[in-house]
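Below is one structure, written out as structure tokens, with a few remarks after it.
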Amino acid sequence: MSVKETAKAVRSAYLKLSALSGEQRAAALLRMADALERERESVLAANREDMETASEIAPAVRARLRFDEKKLAGCVEGLRALAALPDKVGAKLAETELAPGLVLEKVACPIGVIGIIFEARPDALVQIASLCLKSGNGALLKGGSEAQRTNRALYEVIYRASVEAGCPEGWLALLETRADVSEMLSEDETIDLLIPRGSNEFVRYIMDNSHIPVMGHADGICHLYLDAAADKARAVAVAVDSKCQYMAACNACETLLVHEAAAETVLPAVAAALREKGITLYGCERAQEILGCAPPPFGWAHEYLGPELSVRVVSDLERAVEHINTYGSGHTDAIVTEDRAAAERFLDAVDSADVFWNCSTRFADGFRFGFGAEVGISTSKIHARGPVGLEGLMIYKYKLRGSGDTVAPFAEGERNFTHKKRM
């Protein structure tokens, strides 16, 4: 079946999927979770084959490709958490009386058919598919070639379980070739939204070669700023977690900014803790003097996705904000400080999707935000920003209920609008 035919089938199925009750979609998610647990060995075996075949790939990609017991358990937990969330399809968002007997409602509804192209992260397939199901959207998934066996195994397990639970056949489709991507980009009549997850060059290519709206992010150049009033213990804990908890993630810290007042007191302790974890530090001239490190080899706008970190000493908070807004990717940035006024200034001034105070950048995640899961992080300034969960996959429609009302009496002054907000 061609991509065009597949997309048309998904579109037809999504209309049936969105008509299911919230209870039916939740039951399908729970069945998918049970199926993953039951067929875990076949999925893990597929991933072992992918890992062996992709032995020469970059360490950051290899870390994302690995799908082990821990990641499988996380997918199962995410499915069950998502099933427990309130249903959004058909939820009333607003109600206005335009005039007596004429009532306007704003109601949540699915976007439609979503095409997602993602890197070698098999767990993303489960998260994306489950969010689309919960929100009533049809989906075409194209994963990285490195994870082809794992993606196929996961797709077969969760798709079969969803159909057995009553979801319409064809609501979810898996694409596997590079040629499929090019075909997807031309399907603006059947695909409503594209969500690419990959390099900056790849996302830009998708945007430049399709008329379909695109949502997502490319680089995750995230910053942690240690203010003059940073507590040393907190700074160490947050810096180590932001960088080391999972270095291949897009929300891992890539640049450490340090107020000059904290450079001699806080930075050495933070640097020692990071180096103990195997992190190589690069720095500006002042940081080089303090830490004995080399300058950043790729400049300040670089995503390492590994055991390397850039350090820059700045004169004040305003210079830190300026640096982030200049070199950052609008993803996630954090400040460590005991000065509330400084923290609030940072939270207001940094132009990123996620801005944190005294906590790790690694909290920028749909599951950790309570969204159940996420299809990705959006740095766009459209209807969805930050971790894109259920609400990011919903749009709305207006429903107007009357009793033979016409515009003419209002235009001629015989009737007046009341515009009473009911909710």
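Note on naming: chains are A, B, ... as they come in the structure tokens, residues start from 1 per chain, ligands start from 1 in the order shown.
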Task: DSSP alpha helix (DSSP H) selection over stretch 183-375 of chain A, as a PyMOL selection string - done: chain A and resi 183-185+200-208+232-244+260-263+267-276+285-291+317-327+340-349
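All residues of protein, DNA or RNA that reach within 6 Å of A:Cys293, judged by only C-alpha atoms and not counting those fewer than 2 positions away in the chain, are Tyr282, Gln288 and Leu291 of chain A.
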Open item on the list: Residues within 9 Å of A:Gly22, please, as a ChimeraX atom specification. Count only C-alpha atoms; anything in the same chain fewer than 2 positions from it doesn't count.
Closed with: /A:20,24-27,86-89,134
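Of the residues listed (A:Lys70, A:Arg178, A:His383, A:Lys106), A:Lys70 shows the shortest atom-to-atom separation from A:Arg40; distances use only C-alpha atoms.
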Task: Surrounding residues of A:Ala161 excluding itself and chain neighbours under 5 positions, 12 Å, only C-alpha atoms, as a PyMOL selection string - done: chain A and resi 25+27-39+130+154-156+166-169+172
TODO: Can you check which residues of stretch 75-322 of chain A DSSP gives as strand (DSSP E) on the backbone and send them as number ranges by chain?
DONE: A: 92-99, 102-110, 113-117, 138-142, 172-175, 193-196, 222-226, 253-259, 280-283, 308-314
Contact residues around A:Pro387 with only C-alpha atoms at 7 Å, ignoring same-chain residues under 2 positions, as a PDB file with N, CA and C atoms, in the first residue's frame:
ATOM      1  N   ALA A 364      11.825  18.641  32.320  1.00  0.00           N
ATOM      2  CA  ALA A 364      11.074  19.035  31.121  1.00  0.00           C
ATOM      3  C   ALA A 364      10.673  17.786  30.350  1.00  0.00           C
ATOM      4  N   ASP A 365       9.561  17.208  30.726  1.00  0.00           N
ATOM      5  CA  ASP A 365       9.133  15.923  30.174  1.00  0.00           C
ATOM      6  C   ASP A 365       7.630  15.772  30.379  1.00  0.00           C
ATOM      7  N   GLY A 366       6.939  15.260  29.366  1.00  0.00           N
ATOM      8  CA  GLY A 366       5.488  15.135  29.456  1.00  0.00           C
ATOM      9  C   GLY A 366       5.026  14.252  30.587  1.00  0.00           C
ATOM     10  N   GLU A 374       4.444  12.155  26.119  1.00  0.00           N
ATOM     11  CA  GLU A 374       4.589  13.309  25.225  1.00  0.00           C
ATOM     12  C   GLU A 374       4.941  12.828  23.830  1.00  0.00           C
ATOM     13  N   GLY A 376       6.749  14.898  22.057  1.00  0.00           N
ATOM     14  CA  GLY A 376       7.979  15.659  21.873  1.00  0.00           C
ATOM     15  C   GLY A 376       7.897  16.981  22.603  1.00  0.00           C
ATOM     16  N   ILE A 377       8.940  17.771  22.466  1.00  0.00           N
ATOM     17  CA  ILE A 377       8.992  19.111  23.045  1.00  0.00           C
ATOM     18  C   ILE A 377       8.846  20.116  21.913  1.00  0.00           C
ATOM     19  N   SER A 378       7.926  21.032  22.063  1.00  0.00           N
ATOM     20  CA  SER A 378       7.743  22.059  21.038  1.00  0.00           C
ATOM     21  C   SER A 378       8.380  23.368  21.489  1.00  0.00           C
ATOM     22  N   ARG A 385       3.349  24.396  23.286  1.00  0.00           N
ATOM     23  CA  ARG A 385       4.733  24.758  23.580  1.00  0.00           C
ATOM     24  C   ARG A 385       5.210  23.954  24.775  1.00  0.00           C
ATOM     25  N   GLY A 389       1.700  17.050  25.257  1.00  0.00           N
ATOM     26  CA  GLY A 389       0.895  15.916  25.688  1.00  0.00           C
ATOM     27  C   GLY A 389      -0.467  15.966  25.042  1.00  0.00           C
TER      28      GLY A 389
END
